[in-house]
$ cat coords_9.txt   # compact mmCIF, C-alpha atoms and all ligand atoms
# COMPACT_ATOMS: atom_id res chain seq x y z
CA MET A 10 85.76 -33.34 -22.49
CA LEU A 11 86.81 -32.36 -19.02
CA VAL A 12 84.31 -32.84 -16.20
CA VAL A 13 85.02 -30.36 -13.42
CA MET A 14 83.78 -31.43 -9.97
CA GLU A 15 82.60 -29.15 -7.16
CA LYS A 16 85.11 -28.52 -4.34
CA THR A 17 82.70 -30.38 -2.07
CA ALA A 18 82.25 -33.43 -4.35
CA THR A 19 82.39 -36.74 -2.54
CA GLU A 20 84.27 -39.90 -3.55
CA GLN A 21 80.94 -41.52 -4.50
CA GLN A 22 80.02 -38.59 -6.75
CA ILE A 23 83.39 -38.83 -8.50
CA GLU A 24 82.89 -42.59 -8.84
CA GLN A 25 79.45 -42.02 -10.41
CA VAL A 26 80.96 -39.73 -13.09
CA VAL A 27 83.67 -42.31 -13.80
CA LYS A 28 80.95 -44.95 -14.28
CA VAL A 29 79.04 -42.74 -16.76
CA ILE A 30 82.25 -42.18 -18.75
CA GLU A 31 83.14 -45.88 -18.78
CA GLY A 32 79.54 -46.76 -19.63
CA LYS A 33 80.04 -44.81 -22.88
CA GLY A 34 83.06 -46.96 -23.72
CA CYS A 35 85.56 -44.19 -22.86
CA THR A 36 88.38 -43.99 -20.37
CA ALA A 37 88.04 -41.76 -17.27
CA ARG A 38 91.17 -40.04 -16.01
CA PRO A 39 90.63 -38.22 -12.66
CA ILE A 40 93.02 -35.27 -12.31
CA PRO A 41 93.35 -34.06 -8.69
CA GLY A 42 93.80 -30.28 -8.47
CA GLY A 43 94.55 -27.93 -5.55
CA ASP A 44 91.01 -27.89 -4.23
CA ARG A 45 88.91 -29.89 -6.67
CA VAL A 46 89.08 -32.90 -8.95
CA SER A 47 88.56 -32.79 -12.71
CA ILE A 48 87.96 -35.92 -14.75
CA GLY A 49 89.28 -36.17 -18.30
CA VAL A 50 87.30 -38.20 -20.84
CA LEU A 51 89.73 -40.10 -23.08
CA ASN A 52 89.47 -42.49 -26.04
CA ASN A 53 86.11 -41.14 -27.18
CA LYS A 54 85.33 -41.93 -30.85
CA GLY A 55 83.15 -38.90 -31.50
CA PRO A 56 82.02 -35.81 -29.60
CA VAL A 57 80.88 -36.45 -26.01
CA ASP A 58 77.65 -34.72 -24.94
CA ALA A 59 78.15 -32.40 -21.95
CA ALA A 60 74.51 -33.08 -21.01
CA LEU A 61 75.63 -36.51 -19.76
CA PHE A 62 77.39 -34.82 -16.83
CA ILE A 63 75.76 -31.45 -16.23
CA GLY A 64 73.18 -31.95 -13.48
CA LEU A 65 74.88 -34.98 -11.94
CA PRO A 66 75.47 -34.48 -8.20
CA GLY A 67 78.88 -32.93 -7.49
CA VAL A 68 79.49 -31.80 -11.10
CA LYS A 69 80.32 -28.11 -11.55
CA ASP A 70 80.85 -28.03 -15.33
CA ALA A 71 81.64 -30.14 -18.38
CA VAL A 72 84.02 -28.42 -20.79
CA PRO A 73 84.50 -29.69 -24.35
CA ILE A 74 88.22 -29.85 -25.21
CA THR A 75 88.23 -31.17 -28.76
CA LYS A 76 86.72 -28.92 -31.43
CA PRO A 77 83.41 -29.93 -33.04
CA TYR A 78 84.76 -29.17 -36.53
CA LYS A 79 87.15 -31.51 -38.28
CA LEU A 80 87.51 -30.87 -42.01
CA VAL A 81 87.96 -27.10 -41.57
CA SER A 82 90.51 -27.61 -38.82
CA ARG A 83 94.27 -27.29 -39.06
CA GLU A 84 94.46 -30.48 -37.04
CA THR A 85 93.08 -32.31 -40.08
CA LYS A 86 95.03 -30.33 -42.68
CA ALA A 87 98.02 -28.33 -41.53
CA GLU A 88 98.85 -26.49 -44.76
CA ASP A 89 96.89 -23.48 -46.05
CA THR A 90 94.16 -24.17 -48.61
CA ILE A 91 94.64 -22.28 -51.86
CA ILE A 92 91.55 -21.58 -53.94
CA GLN A 93 92.56 -21.32 -57.58
CA VAL A 94 90.14 -19.53 -59.89
CA GLY A 95 91.48 -19.31 -63.42
CA GLU A 96 94.69 -17.29 -63.27
CA THR A 97 93.84 -15.88 -59.83
CA ALA A 98 94.07 -17.49 -56.42
CA ILE A 99 93.00 -16.82 -52.86
CA GLY A 100 95.26 -18.01 -50.08
CA ASN A 101 98.44 -18.37 -52.13
CA GLY A 102 100.35 -15.73 -50.20
CA ARG A 103 99.35 -12.84 -52.48
CA LEU A 104 96.63 -10.38 -51.51
CA CYS A 105 93.43 -10.94 -53.51
CA ILE A 106 91.30 -7.83 -54.06
CA ILE A 107 87.66 -8.33 -55.05
CA ALA A 108 85.67 -5.26 -55.99
CA GLY A 109 82.48 -4.19 -57.70
CA PRO A 110 79.01 -2.84 -57.03
CA CYS A 111 76.64 -4.18 -54.43
CA ALA A 112 74.19 -5.15 -57.17
CA ILE A 113 74.35 -5.53 -60.93
CA GLU A 114 71.97 -2.82 -62.16
CA ASP A 115 72.53 -2.87 -65.92
CA GLU A 116 75.28 -3.74 -68.37
CA THR A 117 76.71 -0.23 -68.68
CA GLN A 118 76.92 0.17 -64.90
CA ALA A 119 78.64 -3.22 -64.45
CA MET A 120 81.10 -2.72 -67.34
CA THR A 121 81.98 0.83 -66.28
CA ILE A 122 82.72 -0.22 -62.70
CA ALA A 123 84.57 -3.35 -63.82
CA GLU A 124 86.93 -1.33 -66.03
CA HIS A 125 87.62 1.08 -63.15
CA VAL A 126 88.34 -1.59 -60.57
CA LYS A 127 90.45 -3.66 -62.94
CA ASN A 128 92.62 -0.68 -63.86
CA ALA A 129 93.02 0.14 -60.17
CA GLY A 130 94.31 -3.37 -59.41
CA ALA A 131 91.32 -5.58 -58.52
CA HIS A 132 91.78 -9.27 -59.23
CA MET A 133 88.11 -10.32 -59.17
CA PHE A 134 84.75 -8.64 -59.77
CA ARG A 135 81.80 -8.82 -57.39
CA GLY A 136 78.13 -7.96 -57.89
CA GLY A 137 74.83 -9.38 -56.73
CA ALA A 138 72.20 -10.61 -59.19
CA PHE A 139 70.01 -12.06 -56.43
CA LYS A 140 69.95 -9.56 -53.56
CA PRO A 141 68.89 -10.45 -50.00
CA ARG A 142 67.25 -7.16 -49.02
CA THR A 143 65.85 -6.35 -45.60
CA SER A 144 62.80 -4.76 -47.21
CA PRO A 145 60.71 -6.63 -49.81
CA TYR A 146 60.14 -3.25 -51.51
CA SER A 147 63.86 -2.65 -52.15
CA PHE A 148 65.59 -3.61 -55.42
CA GLN A 149 65.82 -7.41 -55.44
CA GLY A 150 68.42 -7.75 -58.20
CA LEU A 151 68.16 -8.58 -61.90
CA GLY A 152 68.22 -12.35 -61.37
CA GLU A 153 69.48 -14.38 -64.33
CA ALA A 154 69.78 -11.26 -66.49
CA GLY A 155 72.31 -9.98 -63.92
CA LEU A 156 74.23 -13.26 -64.08
CA LYS A 157 74.46 -12.94 -67.86
CA ILE A 158 75.91 -9.45 -67.44
CA LEU A 159 78.46 -10.87 -65.01
CA ALA A 160 79.45 -13.47 -67.58
CA ARG A 161 80.01 -10.70 -70.13
CA VAL A 162 82.09 -8.74 -67.61
CA ARG A 163 84.28 -11.82 -67.13
CA GLU A 164 84.59 -12.26 -70.88
CA SER A 165 85.56 -8.67 -71.52
CA THR A 166 87.86 -8.06 -68.51
CA GLY A 167 89.18 -11.54 -67.75
CA MET A 168 88.25 -11.09 -64.06
CA PRO A 169 86.56 -14.04 -62.31
CA VAL A 170 83.18 -13.10 -60.85
CA VAL A 171 81.79 -13.55 -57.33
CA THR A 172 78.02 -13.48 -56.85
CA GLU A 173 75.51 -14.62 -54.26
CA ALA A 174 73.19 -17.61 -54.29
CA MET A 175 70.26 -16.87 -51.99
CA ASP A 176 68.38 -20.13 -52.06
CA GLU A 177 68.42 -23.71 -53.25
CA GLN A 178 66.00 -23.03 -56.12
CA THR A 179 68.35 -20.56 -57.81
CA PHE A 180 71.63 -22.21 -56.83
CA ASP A 181 71.96 -24.09 -60.14
CA VAL A 182 71.70 -20.98 -62.27
CA VAL A 183 74.11 -18.99 -60.04
CA GLU A 184 76.61 -21.85 -60.08
CA HIS A 185 76.38 -21.96 -63.87
CA TYR A 186 77.53 -18.35 -64.29
CA ALA A 187 79.63 -17.63 -61.19
CA ASP A 188 83.30 -18.40 -60.59
CA ILE A 189 82.79 -18.17 -56.83
CA VAL A 190 79.35 -18.57 -55.23
CA GLN A 191 78.77 -16.35 -52.22
CA ILE A 192 76.55 -17.32 -49.30
CA GLY A 193 75.44 -14.19 -47.50
CA THR A 194 75.40 -13.35 -43.81
CA ARG A 195 71.66 -13.98 -43.53
CA ASN A 196 72.09 -17.48 -44.92
CA MET A 197 75.12 -18.65 -42.95
CA GLN A 198 73.00 -21.15 -41.06
CA ASN A 199 70.64 -22.04 -43.90
CA PHE A 200 71.62 -25.66 -43.67
CA SER A 201 69.87 -26.87 -46.81
CA LEU A 202 71.66 -24.12 -48.79
CA LEU A 203 74.97 -25.11 -47.18
CA LYS A 204 74.38 -28.74 -48.18
CA ARG A 205 73.62 -27.68 -51.75
CA ALA A 206 76.83 -25.61 -51.73
CA GLY A 207 78.64 -28.72 -50.55
CA ALA A 208 77.56 -30.50 -53.73
CA SER A 209 78.80 -27.66 -55.94
CA HIS A 210 81.91 -27.76 -58.12
CA ARG A 211 82.41 -24.01 -57.51
CA PRO A 212 84.35 -22.46 -54.63
CA ILE A 213 82.02 -21.05 -51.96
CA MET A 214 82.58 -17.72 -50.22
CA LEU A 215 80.87 -18.13 -46.86
CA LYS A 216 80.13 -14.87 -45.10
CA ARG A 217 80.03 -14.82 -41.34
CA GLY A 218 76.54 -14.58 -39.89
CA MET A 219 76.02 -11.14 -38.39
CA ALA A 220 75.52 -12.70 -34.95
CA ALA A 221 77.60 -15.83 -35.38
CA THR A 222 80.48 -16.92 -33.20
CA ILE A 223 83.61 -18.08 -34.96
CA GLU A 224 82.77 -21.64 -33.96
CA GLU A 225 79.31 -21.42 -35.56
CA TRP A 226 80.87 -19.94 -38.68
CA LEU A 227 83.44 -22.74 -38.92
CA MET A 228 80.67 -25.31 -38.35
CA ALA A 229 78.78 -23.78 -41.30
CA ALA A 230 81.94 -24.24 -43.40
CA GLU A 231 82.11 -27.80 -42.09
CA TYR A 232 78.62 -28.41 -43.56
CA VAL A 233 79.88 -27.45 -47.02
CA MET A 234 83.05 -29.51 -46.69
CA ALA A 235 81.27 -32.52 -45.21
CA ARG A 236 79.25 -32.77 -48.45
CA GLY A 237 82.45 -32.95 -50.48
CA ASN A 238 83.23 -29.36 -51.52
CA HIS A 239 86.52 -28.45 -49.88
CA GLN A 240 86.86 -25.13 -51.70
CA VAL A 241 85.58 -22.74 -49.06
CA ILE A 242 86.63 -19.13 -48.50
CA LEU A 243 85.56 -17.49 -45.24
CA CYS A 244 84.48 -13.85 -45.34
CA GLU A 245 84.35 -11.66 -42.23
CA ARG A 246 81.81 -8.87 -42.84
CA GLY A 247 81.17 -7.41 -39.40
CA VAL A 248 78.92 -8.47 -36.57
CA ARG A 249 76.03 -6.72 -34.83
CA THR A 250 76.99 -4.81 -31.72
CA PHE A 251 75.58 -1.92 -29.67
CA VAL A 252 77.30 0.84 -31.67
CA HIS A 253 75.60 3.34 -33.95
CA HIS A 254 78.65 4.81 -35.64
CA SER A 255 78.78 1.95 -38.14
CA ARG A 256 76.31 -0.55 -39.60
CA ASN A 257 78.16 -3.46 -37.97
CA THR A 258 81.44 -3.86 -36.11
CA LEU A 259 84.29 -5.32 -38.13
CA ASP A 260 85.79 -8.13 -36.08
CA LEU A 261 89.40 -7.95 -37.20
CA SER A 262 90.45 -10.29 -34.41
CA ALA A 263 88.65 -13.03 -36.35
CA ILE A 264 91.54 -12.99 -38.85
CA PRO A 265 94.30 -14.39 -36.60
CA VAL A 266 91.84 -16.69 -34.82
CA VAL A 267 90.51 -18.21 -38.04
CA LYS A 268 94.02 -18.53 -39.47
CA LYS A 269 95.12 -20.39 -36.38
CA GLU A 270 92.10 -22.70 -36.24
CA SER A 271 91.60 -23.35 -39.92
CA HIS A 272 93.52 -23.88 -43.15
CA LEU A 273 90.76 -22.10 -45.14
CA PRO A 274 91.51 -18.64 -46.56
CA ILE A 275 89.85 -15.60 -44.98
CA VAL A 276 88.72 -12.52 -46.86
CA VAL A 277 87.37 -9.35 -45.21
CA ASP A 278 84.48 -7.19 -46.44
CA PRO A 279 84.80 -3.80 -44.73
CA SER A 280 81.99 -2.27 -46.83
CA HIS A 281 79.14 -4.22 -45.22
CA ALA A 282 80.83 -3.91 -41.83
CA ALA A 283 81.02 -0.12 -42.03
CA GLY A 284 77.92 0.76 -44.01
CA ARG A 285 79.53 4.13 -44.84
CA ARG A 286 82.31 4.89 -47.24
CA ASP A 287 84.45 7.06 -44.96
CA GLN A 288 85.32 3.98 -42.85
CA VAL A 289 86.13 1.63 -45.70
CA LEU A 290 89.66 2.84 -46.44
CA PRO A 291 90.97 2.73 -42.84
CA LEU A 292 89.32 -0.66 -42.24
CA SER A 293 90.84 -1.99 -45.46
CA ARG A 294 94.29 -0.87 -44.39
CA ALA A 295 93.81 -2.58 -41.03
CA THR A 296 92.55 -5.76 -42.73
CA VAL A 297 95.69 -6.05 -44.81
CA ALA A 298 97.94 -5.25 -41.86
CA ALA A 299 96.16 -8.02 -39.93
CA ASN A 300 97.15 -10.40 -42.72
CA ALA A 301 93.85 -11.44 -44.29
CA HIS A 302 94.17 -13.33 -47.58
CA GLY A 303 91.87 -10.96 -49.38
CA LEU A 304 89.68 -7.89 -49.32
CA MET A 305 86.21 -7.44 -50.83
CA VAL A 306 85.02 -3.88 -51.37
CA GLU A 307 81.95 -2.25 -52.92
CA VAL A 308 82.64 0.35 -55.61
CA HIS A 309 80.19 2.38 -57.72
CA HIS A 310 80.85 5.09 -60.32
CA GLN A 311 77.66 6.92 -59.27
CA PRO A 312 77.00 5.80 -55.69
CA GLU A 313 74.34 8.45 -55.12
CA GLN A 314 72.28 6.71 -57.81
CA ALA A 315 73.06 3.14 -56.75
CA LEU A 316 70.07 0.85 -56.31
CA SER A 317 71.62 -0.64 -53.17
CA ASP A 318 74.32 0.20 -50.64
CA GLY A 319 75.33 3.50 -52.27
CA ALA A 320 76.37 5.01 -48.94
CA GLN A 321 79.12 2.45 -48.45
CA SER A 322 80.28 2.24 -52.07
CA LEU A 323 83.60 3.89 -52.87
CA TYR A 324 84.07 6.23 -55.80
CA PRO A 325 86.52 4.77 -58.34
CA GLU A 326 89.23 7.29 -57.34
CA GLN A 327 88.87 6.28 -53.70
CA PHE A 328 89.26 2.64 -54.70
CA GLU A 329 92.42 3.50 -56.64
CA LEU A 330 93.88 5.10 -53.53
CA LEU A 331 92.78 2.07 -51.47
CA CYS A 332 94.60 -0.32 -53.82
CA ARG A 333 97.78 1.75 -53.70
CA GLN A 334 97.71 1.98 -49.91
CA VAL A 335 96.82 -1.62 -49.16
CA MET A 336 99.47 -2.92 -51.57
CA ALA A 337 102.06 -0.72 -49.85
CA ILE A 338 100.98 -2.09 -46.45
CA TYR A 339 100.97 -5.62 -47.81
CA ASN A 340 104.52 -5.19 -49.11
CA VAL A 341 105.77 -3.83 -45.78
CA CYS A 342 104.14 -6.73 -43.92
CA HIS A 343 105.65 -9.29 -46.30
CA GLU A 344 109.18 -7.94 -46.55
CA ASP A 345 111.73 -10.70 -46.50
CA VAL A 346 113.30 -11.09 -43.11
CA PRO A 347 116.94 -9.91 -43.42
CA ARG A 348 119.47 -12.68 -42.90
C1 LIG B 401 76.82 -8.71 -50.31
O1 LIG B 401 78.04 -8.95 -50.22
O2 LIG B 401 76.30 -8.35 -51.36
C2 LIG B 401 75.96 -8.85 -49.11
C3 LIG B 401 74.64 -8.79 -49.21
O3 LIG B 401 76.65 -8.99 -47.97
P1 LIG B 401 76.19 -9.58 -46.54
O4 LIG B 401 75.55 -10.91 -46.81
O5 LIG B 401 77.48 -9.66 -45.80
O6 LIG B 401 75.25 -8.57 -45.96
MN MN B 402 75.93 -4.56 -50.53

$ encode --input "coords_9.txt" --output "structure tokens"
Amino acid sequence: MLVVMEKTATEQQIEQVVKVIEGKGCTARPIPGGDRVSIGVLNNKGPVDAALFIGLPGVKDAVPITKPYKLVSRETKAEDTIIQVGETAIGNGRLCIIAGPCAIEDETQAMTIAEHVKNAGAHMFRGGAFKPRTSPYSFQGLGEAGLKILARVRESTGMPVVTEAMDEQTFDVVEHYADIVQIGTRNMQNFSLLKRAGASHRPIMLKRGMAATIEEWLMAAEYVMARGNHQVILCERGVRTFVHHSRNTLDLSAIPVVKKESHLPIVVDPSHAAGRRDQVLPLSRATVAANAHGLMVEVHHQPEQALSDGAQSLYPEQFELLCRQVMAIYNVCHEDVPR
């Protein structure tokens, strides 16, 4: 914490801040600047509350310097975390492509799409059995029947499956069938769900809240890790902005920021960011060029008949093209540096 004093702060006001710092068992280190003094708080055991200083006479601001997250931070673990799921991994230096429909609708639909995406080059299959829909009248997912279909898809294709757990009540059953349990954007700060995910033996894919800062997102991951589950994958899926040309705005700058701050792998979902299929291919190319560890894309063989998110679901041929293009970009970006 750095306490920044007003230009006009008196010696007594500076002394008062020093006393507050020392009263908390910390060391105060006044740093004279050109026209004002700042006071560094050193030797603090845990986070220091800015409220201790804001409002004191002569104090302009109190700026936290150390990050509130620990377990997710590169300061705690310098090397990248690799999430191993069967034969596949996320974060191991190879691009991981996850694809499938928004929702599992029936067995034929799921199997048909799974075969398409596998042949095109997908490494994992996605599909919701419990769907968080904005309207209570929209398709809510098949529930456990959908999870059983996912298990059969895994059995027949060998692809691990990613599916969402919406609440604590259904977490057990989702965890039983899923290889990776997804927590959706609307639940990023559902703290009881995050704690339950922290007790899970499955990797958790934590989507960024649609209005969450990167710090809030990393703190949500910290909740999961603090309960003992260190297998967390972050998923950027777009944030709400003022634009109307897409459903959300894909925050690609989150990729380098998250990779710098955290050792956890980051996957990008351009489908929910765009909300329309014509933007998914260019955003996928950009995602891979920006060096994300993975890409998650919605695909449907009959998107016009899809029970959810048809408008953003790619046709299988479009997904084939996407795989070819992103792998080419990936290879260019990972060429060995000539000696
Ligand atoms: C999904 O991936 O199925 C989903 C609902 O995404 P989000 O939570 O990002 O809206
Ligand atoms: Mn969807």

$ residues_near_point --input "coords_9.txt" --point "(80.5, -13.7, -51.0)" --cutoff "7 Å" --atoms "all atoms listed in the file" --output "PyMOL selection string"
chain A and resi 171-173+190-193+214-216+244

$ residues_near_ligand --input "coords_9.txt" --ligand "ligand MN 402 (chain B)" --cutoff "7 Å" --atoms "only C-alpha atoms and all ligand atoms" --output "list in words"
Cys111, Ala112, His281, Glu307, Ser317 and Asp318 of chain A

$ residues_around --input "coords_9.txt" --residues "Tyr78 (chain A)" --least-positions-apart "2" --cutoff "9 Å" --atoms "all atoms listed in the file" --output "list in words"
Thr75, Lys76, Leu80, Val81, Ser82, Glu224, Leu227, Met228, Ala230 and Glu231 of chain A

$ write_last_selection --input "coords_9.txt" --atoms "C-alpha atoms" --output "mmCIF file, keeping the file's coordinate frame"
data_model
loop_
_atom_site.group_PDB
_atom_site.id
_atom_site.type_symbol
_atom_site.label_atom_id
_atom_site.label_comp_id
_atom_site.auth_asym_id
_atom_site.auth_seq_id
_atom_site.Cartn_x
_atom_site.Cartn_y
_atom_site.Cartn_z
ATOM 1 C CA THR A 75 88.230 -31.170 -28.760
ATOM 2 C CA LYS A 76 86.720 -28.920 -31.430
ATOM 3 C CA LEU A 80 87.510 -30.870 -42.010
ATOM 4 C CA VAL A 81 87.960 -27.100 -41.570
ATOM 5 C CA SER A 82 90.510 -27.610 -38.820
ATOM 6 C CA GLU A 224 82.770 -21.640 -33.960
ATOM 7 C CA LEU A 227 83.440 -22.740 -38.920
ATOM 8 C CA MET A 228 80.670 -25.310 -38.350
ATOM 9 C CA ALA A 230 81.940 -24.240 -43.400
ATOM 10 C CA GLU A 231 82.110 -27.800 -42.090
#

$ closest_residue --input "coords_9.txt" --among "A:Lys54, A:Arg294, A:Arg163, A:Arg246" --to "ligand LIG 401 (chain B)" --atoms "all atoms listed in the file"
A:Arg246

$ closest_residue --input "coords_9.txt" --among "A:Thr296, A:Gln314, A:Thr17, A:Asn101" --to "Pro66 (chain A)" --atoms "all atoms listed in the file"
A:Thr17

$ axis_aligned_box --input "coords_9.txt" --around "ligand LIG 401 (chain B)" --padding-each-side "4 Å" --output "lines of an AutoDock Vina configuration file"
center_x = 76.3
center_y = -9.6
center_z = -48.6
size_x = 11.4
size_y = 10.6
size_z = 13.6

$ atom_distance --input "coords_9.txt" --atom1 "CA of Gly55 (chain A)" --atom2 "CA of Phe200 (chain A)"
21.4 Å

$ closest_atom_pairs --input "coords_9.txt" --of "region 287-342 of chain A" --to "region 117-123 of chain A" --cutoff "9 Å" --atoms "all atoms listed in the file" --output "JSON lines"
{"residue": "A:Val308", "atom": "CA", "partner": "A:Ile122", "partner_atom": "CA", "distance": 7.1}
{"residue": "A:His309", "atom": "CA", "partner": "A:Ile122", "partner_atom": "CA", "distance": 6.2}
{"residue": "A:His310", "atom": "CA", "partner": "A:Ile122", "partner_atom": "CA", "distance": 6.1}
{"residue": "A:Gln311", "atom": "CA", "partner": "A:Gln118", "partner_atom": "CA", "distance": 8.8}
{"residue": "A:Pro325", "atom": "CA", "partner": "A:Ile122", "partner_atom": "CA", "distance": 7.6}

$ atom_distance --input "coords_9.txt" --atom1 "CA of Met168 (chain A)" --atom2 "CA of Met133 (chain A)"
5.0 Å

$ residues_around --input "coords_9.txt" --residues "Ala60 (chain A)" --least-positions-apart "5" --cutoff "12 Å" --atoms "only C-alpha atoms" --output "ChimeraX atom specification"
/A:10,12,29,65,68,70-73

$ residues_near_point --input "coords_9.txt" --point "(98.0, -20.2, -41.8)" --cutoff "8 Å" --atoms "only C-alpha atoms" --output "PyMOL selection string"
chain A and resi 88-89+268-269+271-272

$ closest_residue --input "coords_9.txt" --among "A:Pro312, A:Pro169, A:Gly136, A:Gly207" --to "ligand LIG 401 (chain B)" --atoms "only C-alpha atoms and all ligand atoms"
A:Gly136

$ build_atoms --input "coords_9.txt" --residues "region 21-42 of chain A" --atoms "N, CA and C atoms" --output "JSON list (two decimals), in the frame of the given file"
[["chain", "number", "residue", "atom", "x", "y", "z"],
["A", 21, "GLN", "N", 82.01, -40.81, -3.79],
["A", 21, "GLN", "CA", 80.94, -41.52, -4.50],
["A", 21, "GLN", "C", 80.50, -40.74, -5.75],
["A", 22, "GLN", "N", 80.44, -39.40, -5.60],
["A", 22, "GLN", "CA", 80.02, -38.59, -6.75],
["A", 22, "GLN", "C", 81.05, -38.68, -7.88],
["A", 23, "ILE", "N", 82.32, -38.68, -7.50],
["A", 23, "ILE", "CA", 83.39, -38.83, -8.50],
["A", 23, "ILE", "C", 83.28, -40.20, -9.17],
["A", 24, "GLU", "N", 83.01, -41.21, -8.34],
["A", 24, "GLU", "CA", 82.89, -42.59, -8.84],
["A", 24, "GLU", "C", 81.71, -42.70, -9.83],
["A", 25, "GLN", "N", 80.63, -41.97, -9.53],
["A", 25, "GLN", "CA", 79.45, -42.02, -10.41],
["A", 25, "GLN", "C", 79.78, -41.44, -11.80],
["A", 26, "VAL", "N", 80.56, -40.34, -11.81],
["A", 26, "VAL", "CA", 80.96, -39.73, -13.09],
["A", 26, "VAL", "C", 81.85, -40.70, -13.86],
["A", 27, "VAL", "N", 82.78, -41.33, -13.15],
["A", 27, "VAL", "CA", 83.67, -42.31, -13.80],
["A", 27, "VAL", "C", 82.84, -43.42, -14.45],
["A", 28, "LYS", "N", 81.80, -43.86, -13.74],
["A", 28, "LYS", "CA", 80.95, -44.95, -14.28],
["A", 28, "LYS", "C", 80.24, -44.51, -15.56],
["A", 29, "VAL", "N", 79.74, -43.25, -15.57],
["A", 29, "VAL", "CA", 79.04, -42.74, -16.76],
["A", 29, "VAL", "C", 80.01, -42.73, -17.95],
["A", 30, "ILE", "N", 81.25, -42.26, -17.67],
["A", 30, "ILE", "CA", 82.25, -42.18, -18.75],
["A", 30, "ILE", "C", 82.55, -43.58, -19.28],
["A", 31, "GLU", "N", 82.79, -44.51, -18.36],
["A", 31, "GLU", "CA", 83.14, -45.88, -18.78],
["A", 31, "GLU", "C", 81.96, -46.56, -19.46],
["A", 32, "GLY", "N", 80.75, -46.19, -19.00],
["A", 32, "GLY", "CA", 79.54, -46.76, -19.63],
["A", 32, "GLY", "C", 79.42, -46.35, -21.08],
["A", 33, "LYS", "N", 80.07, -45.27, -21.48],
["A", 33, "LYS", "CA", 80.04, -44.81, -22.88],
["A", 33, "LYS", "C", 81.22, -45.40, -23.67],
["A", 34, "GLY", "N", 81.94, -46.31, -23.03],
["A", 34, "GLY", "CA", 83.06, -46.96, -23.72],
["A", 34, "GLY", "C", 84.33, -46.12, -23.72],
["A", 35, "CYS", "N", 84.38, -45.08, -22.89],
["A", 35, "CYS", "CA", 85.56, -44.19, -22.86],
["A", 35, "CYS", "C", 86.37, -44.47, -21.59],
["A", 36, "THR", "N", 87.53, -43.85, -21.55],
["A", 36, "THR", "CA", 88.38, -43.99, -20.37],
["A", 36, "THR", "C", 88.24, -42.73, -19.51],
["A", 37, "ALA", "N", 88.11, -42.92, -18.18],
["A", 37, "ALA", "CA", 88.04, -41.76, -17.27],
["A", 37, "ALA", "C", 89.40, -41.56, -16.61],
["A", 38, "ARG", "N", 89.87, -40.32, -16.61],
["A", 38, "ARG", "CA", 91.17, -40.04, -16.01],
["A", 38, "ARG", "C", 91.01, -38.93, -14.97],
["A", 39, "PRO", "N", 90.76, -39.26, -13.69],
["A", 39, "PRO", "CA", 90.63, -38.22, -12.66],
["A", 39, "PRO", "C", 91.94, -37.45, -12.49],
["A", 40, "ILE", "N", 91.84, -36.12, -12.45],
["A", 40, "ILE", "CA", 93.02, -35.27, -12.31],
["A", 40, "ILE", "C", 92.84, -34.46, -11.03],
["A", 41, "PRO", "N", 93.53, -34.83, -9.93],
["A", 41, "PRO", "CA", 93.35, -34.06, -8.69],
["A", 41, "PRO", "C", 93.99, -32.68, -8.84],
["A", 42, "GLY", "N", 93.26, -31.64, -8.42],
["A", 42, "GLY", "CA", 93.80, -30.28, -8.47],
["A", 42, "GLY", "C", 94.04, -29.80, -7.05]]
